[in-house]
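Worksheet for the structure shown next.
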Amino acid sequence: MTQHDDFEAQRPMLLGLAYRILGDLVEAEDIVQEASVRWHRRTVEVDSPRPYLVRTVTNLCLNERRSARQRREHYAGDRLPDPVDLAATPLAESVERTQAVSMALMVVLERLTPAERAVFVLHQVFDFRHDEIAAMLAKTEAASRQLLRRARVAIDAERRTLETTVAEQQRLLRAFIRATNSGDVAGLAAMLTDEAVMVADAGPGGARFGRVKNLPRPLVGGARIASFLAAAMARGPDGLVAEERELNGGPALCVARDGEPFAVLSLAVADGRIERVFLHADRARLRRLRLLVH
């Protein structure tokens with residue numbers, strides 16, 4: 001097998017790793033391409049390409065996360081991970097890894113530190129041992145275990161939403177869409193928990209939702225979210241076409257305008273009610289989904 005073949009055999013896994021650490025598909029592809037350049041220019045022999053390439057990609061991702069934090073200081077509102085079509089992007093090689101790329105989990109991972117996120121992904125998704133992770137990150141095994149414990153605390157707090165079936169998510173998404181389209185504020189509020197949270201990501205330039213430009217911070221409370229969505233839908237732009245799709249391994253609503261993606265909406269559900277609403281409206285980052293919306 002040639003050097004090129006060695007790298008290409010690992011590319012899907014490396015892309016999945018980079019996306020899970022970064023939450024941005026374009027950045028993940030750039031990282032994997034940089035790793036390819038470094039792989040082909042290396043001056044040392046490598047007996048086992050996989051751990052070598054994983055270490056390279058992980059450290060490139062950590063550097064990117066640290067610099068990205070500075071670049072996004074003036075970002076309008078919260079930043080959501082890129083929604084991705086797993087059928088068109090080789091991020092998951094098994095059911096377990098598909099579950100590890102759900103939008104609900106990706107949003108939780110955004111709250112972790114770069115090191116916590118890297119350790120969680122390497123250990124929980126890609127089955128690396130703590131001694132291997134410690135060598136990759138230049139840390140001790142004890143430090144790796146501590147980072148994983150911290151990550152699990154944050155993730156366990158959202159465990160109920162992470163374990164909901166796709167069928168239940170789909171049922172509530174469809175009911176949610178019907179109520180939103182009809183302006184049924186009471187029906188919407190009944191589907192949402194009292195502590196529900198809505199996060200909207202319109203990108204650095206922002207976007208208008210009805211008469212409201214941007215959501216500078218998450219909107220909290222089922223009644224407030226229901227009122228906001230009903231008003232935004234009633235005063236929203238004309239010419240929108242909506243279509244249900246499977247993104248990140250779960251149901252989502254893709255909205256297009258003039259043949260281009262306009263927004264993506266997905267939900268996190270627990271015990272038959274909606275706990276999180278994710279509205280991705282950064283059109284620059286949604287361009288990758290243009291083939292999904294007809």
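In the structure tokens, chains take letters A, B, ... by order of appearance, with residues numbered from 1 within each chain and ligands from 1 in the order shown.
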Requested in this report: Step one, run DSSP on the backbone; step two, keep only residues of region 46-207 of chain A assigned to strand (DSSP E); then write them as number ranges by chain.
Outcome: A: 192-201
For region 252-258 of chain A, work out the shell of residues within 6 Å, counting only C-alpha atoms and skipping chain neighbours fewer than 4 positions away, then give it as a CSV table (one decimal) with N, CA and C atoms, in the first residue's frame.
```csv
chain,number,residue,atom,x,y,z
A,239,GLY,N,-41.9,33.2,-0.1
A,239,GLY,CA,-41.2,32.3,-1.0
A,239,GLY,C,-40.4,31.2,-0.4
A,240,LEU,N,-40.7,30.9,0.9
A,240,LEU,CA,-40.0,29.8,1.6
A,240,LEU,C,-40.6,28.4,1.3
A,241,VAL,N,-39.7,27.5,1.1
A,241,VAL,CA,-40.1,26.1,0.8
A,241,VAL,C,-39.4,25.2,1.9
A,242,ALA,N,-40.2,24.4,2.5
A,242,ALA,CA,-39.7,23.6,3.6
A,242,ALA,C,-39.8,22.1,3.3
A,243,GLU,N,-38.8,21.3,3.8
A,243,GLU,CA,-38.7,19.9,3.5
A,243,GLU,C,-38.1,19.2,4.7
A,244,GLU,N,-38.7,18.1,5.1
A,244,GLU,CA,-38.1,17.4,6.2
A,244,GLU,C,-36.9,16.5,5.7
A,245,ARG,N,-35.8,16.5,6.4
A,245,ARG,CA,-34.6,15.7,6.0
A,245,ARG,C,-34.0,15.1,7.2
A,246,GLU,N,-33.1,14.1,6.9
A,246,GLU,CA,-32.4,13.5,8.0
A,246,GLU,C,-31.0,14.1,8.0
A,262,PHE,N,-32.1,28.3,3.5
A,262,PHE,CA,-32.3,29.6,4.3
A,262,PHE,C,-32.2,29.3,5.8
A,263,ALA,N,-32.6,28.1,6.2
A,263,ALA,CA,-32.5,27.8,7.6
A,263,ALA,C,-32.7,26.3,7.8
A,264,VAL,N,-32.2,25.8,8.9
A,264,VAL,CA,-32.4,24.4,9.4
A,264,VAL,C,-32.9,24.4,10.8
A,265,LEU,N,-34.0,23.7,11.1
A,265,LEU,CA,-34.5,23.6,12.4
A,265,LEU,C,-34.5,22.1,12.9
A,266,SER,N,-34.0,21.9,14.1
A,266,SER,CA,-34.0,20.6,14.7
A,266,SER,C,-34.3,20.7,16.2
```
**Report entry** Who sits within 8 Å of region 127-138 of chain A, only C-alpha atoms, same chain under 4 positions skipped, as a ChimeraX atom specification
**Finding:** /A:55,58-59,119,122-123,143-145
Query raised in the report: With distances taken over only C-alpha atoms, which of A:Leu286, A:Val101, A:Val26, A:Val220 is nearest to Ala202 (chain A)?
Result: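 Looking only at the distances to Ala202 (chain A), the closest residue turns out to be A:Leu286.
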Query raised in the report: Using only C-alpha atoms, which residues sit within 10 Å of Ala270 (chain A) once same-chain residues fewer than 4 positions away are excluded, as a PyMOL selection string?
Result: chain A and resi 158-165+168-169+193+274-276
**Report entry** Point-to-point distance from CA of Ile177 (chain A) to CA of Val107 (chain A), Å rounded to tenths
**Finding:** 21.6 Å
Requested in this report: Excluding region 111-114 of chain A and any residue of its chain fewer than 4 positions from it, enumerate the residues within 8 Å of it, using only C-alpha atoms, and give them as a list in words.
Outcome: Ile21, Leu62, Arg65, Arg66, Val107, Ala118, Ala151 and Ala154 of chain A
Query raised in the report: Of the residues A:Arg20, A:Arg283, A:Arg11, A:Arg50, which is the one nearest to Val32 (chain A), using only C-alpha atoms?
Result: A:Arg11
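What separates CA of Val37 (chain A) from CA of Glu110 (chain A) is a distance of 27.8 Å.
Of the listed residues A:Met191, A:Ala226, A:Ala167, A:Leu80, the one whose atoms come nearest to Leu25 (chain A) is A:Leu80, with distances taken using only C-alpha atoms.
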Requested in this report: Extract, using only C-alpha atoms, all DNA, RNA and protein residues at most 7 Å from Pro218 (chain A), discarding same-chain residues fewer than 5 positions from it, and format them as JSON, numbers by chain.
Outcome: {"A": [197, 198, 199]}
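When only C-alpha atoms are used to measure the gap to Gly221 (chain A), the shortest distance among A:Ala87, A:Ala190, A:Leu109, A:Met233 belongs to A:Ala190.
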Query raised in the report: Quick one, how far is CA of Arg287 (chain A) from CA of Phe228 (chain A)?
Result: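 Between CA of Arg287 (chain A) and CA of Phe228 (chain A) the gap works out to 25.9 Å.
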Query raised in the report: Looking at A:Ala28, A:Ala200, A:Ile155, A:Ala189, which one is nearest to Arg224 (chain A), with distances taken over only C-alpha atoms?
Result: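 Under the stated criterion, the closest residue is A:Ala189.
The closest residue to Leu53 (chain A), picked from A:Leu15, A:Met103, A:Leu188, A:Leu86 and counting only C-alpha atoms, is A:Leu15.
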